[in-house]
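Colleague: One file is attached below, upload.csv, containing CSV, C-alpha atoms.
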```
chain,number,residue,atom,x,y,z
B,62,MET,CA,-10.0,9.7,-4.1
B,63,VAL,CA,-10.0,6.7,-6.4
B,64,PHE,CA,-7.0,4.4,-6.6
B,65,VAL,CA,-6.8,2.3,-9.8
B,66,HIS,CA,-4.3,-0.5,-9.5
B,67,TYR,CA,-3.6,-2.5,-12.7
B,68,LYS,CA,-1.3,-5.5,-13.0
B,69,PRO,CA,-0.3,-6.3,-16.6
B,70,GLU,CA,-0.9,-10.0,-16.0
B,71,SER,CA,-4.3,-9.5,-14.5
B,72,ILE,CA,-7.4,-11.1,-16.0
B,73,MET,CA,-8.7,-7.7,-17.2
B,74,ASP,CA,-8.3,-7.4,-21.0
B,75,ASN,CA,-7.5,-4.1,-22.8
B,76,GLY,CA,-11.2,-3.4,-23.6
B,77,GLN,CA,-12.1,-3.8,-19.9
B,78,LEU,CA,-9.2,-1.6,-18.8
B,79,GLN,CA,-10.2,1.1,-21.3
B,80,ALA,CA,-13.8,1.0,-20.1
B,81,LEU,CA,-12.6,1.4,-16.5
B,82,ILE,CA,-10.4,4.4,-17.4
B,83,VAL,CA,-13.3,6.0,-19.3
B,84,LEU,CA,-15.7,5.5,-16.4
B,85,VAL,CA,-13.2,6.9,-13.8
B,86,CYS,CA,-12.5,9.9,-16.1
B,87,LEU,CA,-16.3,10.5,-16.6
B,88,MET,CA,-16.9,10.4,-12.8
B,89,PHE,CA,-14.0,12.9,-12.3
B,90,THR,CA,-15.5,15.2,-15.0
B,91,LEU,CA,-18.9,15.0,-13.2
B,92,LYS,CA,-17.2,16.0,-9.9
B,93,HIS,CA,-18.1,12.7,-8.2
B,94,ILE,CA,-14.4,12.1,-7.7
B,95,GLN,CA,-12.0,14.8,-6.5
B,96,GLN,CA,-8.7,13.2,-7.2
B,97,ILE,CA,-7.5,10.1,-9.3
B,98,GLN,CA,-4.4,8.1,-8.8
B,99,VAL,CA,-3.6,5.4,-11.3
B,100,ASP,CA,-0.7,3.0,-10.5
B,101,PHE,CA,0.5,0.5,-13.0
B,102,MET,CA,2.2,-2.3,-10.9
B,103,PRO,CA,5.3,-3.8,-12.4
B,104,THR,CA,5.3,-7.5,-13.1
B,105,THR,CA,8.6,-7.8,-11.3
B,106,THR,CA,9.4,-6.1,-8.1
B,107,SER,CA,12.0,-6.2,-5.4
B,108,ALA,CA,9.2,-6.2,-2.8
B,109,LEU,CA,8.4,-9.5,-1.1
B,110,GLN,CA,4.7,-10.4,-0.4
B,111,ILE,CA,4.2,-11.8,3.1
B,112,ASP,CA,0.4,-12.4,2.6
B,113,GLU,CA,-2.4,-10.8,0.7
B,114,ASN,CA,-2.2,-7.5,2.7
B,115,ILE,CA,1.5,-7.3,3.7
B,116,TRP,CA,4.4,-6.4,1.5
B,117,LEU,CA,8.0,-5.9,2.6
B,118,ASP,CA,10.1,-2.9,1.5
B,119,THR,CA,7.1,-1.3,-0.2
B,120,LEU,CA,5.4,2.0,0.6
B,121,GLY,CA,1.8,1.7,1.6
B,122,LYS,CA,-1.1,3.9,2.7
B,123,ILE,CA,-3.5,2.8,5.4
B,124,ALA,CA,-7.0,2.7,3.9
B,125,GLU,CA,-8.8,1.1,6.8
B,126,GLY,CA,-8.2,0.6,10.5
B,127,THR,CA,-6.3,2.7,12.9
B,128,ASP,CA,-4.4,5.7,11.6
B,129,VAL,CA,-6.2,5.9,8.2
B,130,GLY,CA,-4.2,8.0,5.8
B,131,HIS,CA,-0.8,7.3,7.3
B,132,TYR,CA,1.9,5.7,5.3
B,133,ILE,CA,3.7,2.5,6.3
B,134,LYS,CA,6.7,0.5,5.2
B,135,ILE,CA,7.7,-2.9,6.6
B,136,GLY,CA,11.4,-3.8,6.8
B,137,HIS,CA,13.2,-7.0,7.7
B,138,ASP,CA,15.6,-6.8,10.6
B,139,SER,CA,18.1,-9.2,9.2
B,140,LYS,CA,21.1,-7.6,11.1
B,141,GLN,CA,19.8,-8.1,14.7
B,142,ALA,CA,17.0,-10.4,15.7
B,143,HIS,CA,15.5,-11.3,12.3
B,144,GLY,CA,12.2,-9.6,13.2
B,145,TYR,CA,10.4,-6.9,11.3
B,146,PHE,CA,10.3,-3.1,11.6
B,147,ILE,CA,7.0,-1.3,11.0
B,148,TYR,CA,7.6,2.3,10.0
B,149,GLN,CA,4.6,4.6,10.1
B,150,SER,CA,4.2,8.3,9.3
B,151,SER,CA,1.6,10.9,8.3
B,152,SER,CA,4.1,12.0,5.6
B,153,MET,CA,4.9,10.0,2.5
B,154,LYS,CA,8.6,10.9,3.0
B,155,PHE,CA,8.5,9.9,6.7
B,156,ASP,CA,9.7,13.5,7.6
B,157,SER,CA,6.8,14.4,9.8
B,158,PRO,CA,6.8,14.7,13.6
B,159,GLU,CA,4.1,12.1,13.4
B,160,THR,CA,6.5,9.3,12.4
B,161,TYR,CA,6.7,6.2,14.5
B,162,ASP,CA,8.2,2.7,14.4
B,163,ALA,CA,7.5,-0.6,16.0
B,164,TRP,CA,9.2,-4.0,15.9
B,165,VAL,CA,7.8,-7.5,16.0
B,166,GLN,CA,9.8,-10.7,16.3
B,167,ASP,CA,8.4,-12.8,13.4
B,168,ILE,CA,5.9,-13.1,10.6
B,169,ASP,CA,3.2,-14.4,12.9
B,170,HIS,CA,3.5,-11.3,15.1
B,171,LEU,CA,3.6,-9.1,12.1
B,172,LYS,CA,0.3,-10.6,10.8
B,173,MET,CA,-1.1,-10.2,14.4
B,174,PHE,CA,0.0,-6.5,14.4
B,175,PHE,CA,-1.9,-5.9,11.2
B,176,LYS,CA,-5.0,-7.8,12.4
B,177,GLU,CA,-5.1,-5.9,15.7
B,178,SER,CA,-4.7,-2.6,13.9
B,179,LYS,CA,-7.5,-3.6,11.5
B,180,TRP,CA,-5.3,-2.4,8.6
B,181,ARG,CA,-6.2,-2.6,5.0
B,182,VAL,CA,-3.3,-1.1,3.1
B,183,LEU,CA,-3.0,0.3,-0.5
B,184,TRP,CA,0.5,-0.6,-1.5
B,185,LEU,CA,2.1,2.1,-3.7
B,186,PHE,CA,4.6,0.0,-5.7
B,187,ASP,CA,5.8,2.9,-7.9
B,188,HIS,CA,6.6,5.3,-5.0
B,189,LYS,CA,9.9,4.1,-3.6
```
How does the structure come out when it is put into structure tokens?
Modeller:
Amino acid sequence: MVFVHYKPESIMDNGQLQALIVLVCLMFTLKHIQQIQVDFMPTTTSALQIDENIWLDTLGKIAEGTDVGHYIKIGHDSKQAHGYFIYQSSSMKFDSPETYDAWVQDIDHLKMFFKESKWRVLWLFDHK
């Protein structure tokens, strides 16, 4: 599977974007790629970026580390102890028996959780 993420304000101009799309479509046609997903990320989002690999209130899919292929979503626990919930599931809708949650007390512990899990996450901004 190939994920193509494009932000309108990125340094890629229209010619480069068209060349990338043609290349991906050609690879798909030649059966080098089985599935293509293209996400156009909005310039404004209600999601909050914690660091380069962590977004709050945004669905993500684990691409590297433990539990590859699972979906995650990070939520802020503003009502109780001001920590962070980490929701994880094998299903995009979080309706699988393989659905878990964890809680960390602050941003530093959240970053540590990601580091220990060796997670690299593909954030799916358009799939709320």
Colleague: Write out as a ChimeraX atom specification the residues lying within 7 Å of Lys122 (chain B), counting all atoms listed in the file and excluding same-chain residues fewer than 4 positions away.
Modeller: /B:130-133,182-184
Colleague: List every protein, DNA or RNA residue that has at least one atom no more than 10 Å from (-4.0, -3.3, 5.7) in the file's coordinates, counting all atoms listed in the file, and write the result as a list in words.
Modeller: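 Every polymer residue passing the test: Glu113, Asn114, Ile115, Trp116, Gly121, Lys122, Ile123, Ala124, Glu125, Gly126, Thr127, Val129, Ile133, Lys172, Phe175, Lys176, Ser178, Lys179, Trp180, Arg181, Val182, Leu183 and Trp184 of chain B.
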Colleague: If you keep C-alpha atoms, can you produce a file of those selected residues as a short mmCIF file (atom, residue, chain, number, x, y, z; two decimals), in the coordinates of the input?
Modeller:
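So the final result, stored in part.cif, reads:
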```
data_model
loop_
_atom_site.label_atom_id
_atom_site.label_comp_id
_atom_site.auth_asym_id
_atom_site.auth_seq_id
_atom_site.Cartn_x
_atom_site.Cartn_y
_atom_site.Cartn_z
CA GLU B 113 -2.40 -10.80 0.70
CA ASN B 114 -2.20 -7.50 2.70
CA ILE B 115 1.50 -7.30 3.70
CA TRP B 116 4.40 -6.40 1.50
CA GLY B 121 1.80 1.70 1.60
CA LYS B 122 -1.10 3.90 2.70
CA ILE B 123 -3.50 2.80 5.40
CA ALA B 124 -7.00 2.70 3.90
CA GLU B 125 -8.80 1.10 6.80
CA GLY B 126 -8.20 0.60 10.50
CA THR B 127 -6.30 2.70 12.90
CA VAL B 129 -6.20 5.90 8.20
CA ILE B 133 3.70 2.50 6.30
CA LYS B 172 0.30 -10.60 10.80
CA PHE B 175 -1.90 -5.90 11.20
CA LYS B 176 -5.00 -7.80 12.40
CA SER B 178 -4.70 -2.60 13.90
CA LYS B 179 -7.50 -3.60 11.50
CA TRP B 180 -5.30 -2.40 8.60
CA ARG B 181 -6.20 -2.60 5.00
CA VAL B 182 -3.30 -1.10 3.10
CA LEU B 183 -3.00 0.30 -0.50
CA TRP B 184 0.50 -0.60 -1.50
#
```
Colleague: One decimal, in Å: what's the spacing between CA of Leu117 (chain B) and CA of Phe155 (chain B)?
Modeller: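 Going from CA of Leu117 (chain B) over to CA of Phe155 (chain B), I get 16.3 Å.
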Colleague: Between CA of Asp162 (chain B) and CA of Gln149 (chain B), what distance in Å does the model show, to one decimal?
Modeller: 5.9 Å
Colleague: Quick check, in Å to one decimal: how far apart do CA of Ser152 (chain B) and CA of Leu109 (chain B) lie?
Modeller: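 These atoms are spaced 22.9 Å apart.
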Colleague: Fewer than 3 positions away in the same chain doesn't count, so skip those; otherwise give me all residues within 6 Å of region 134-143 of chain B, counting only C-alpha atoms, as a PyMOL selection string.
Modeller: chain B and resi 117-120+146-148
Colleague: Starting from the point (13.2, -9.3, 17.2), work out which residues of protein, DNA or RNA have an atom no more than 7 Å away when counting all atoms listed in the file; state them as a list in words.
Modeller: Ala142, His143, Gly144, Tyr145, Trp164, Val165 and Gln166 of chain B
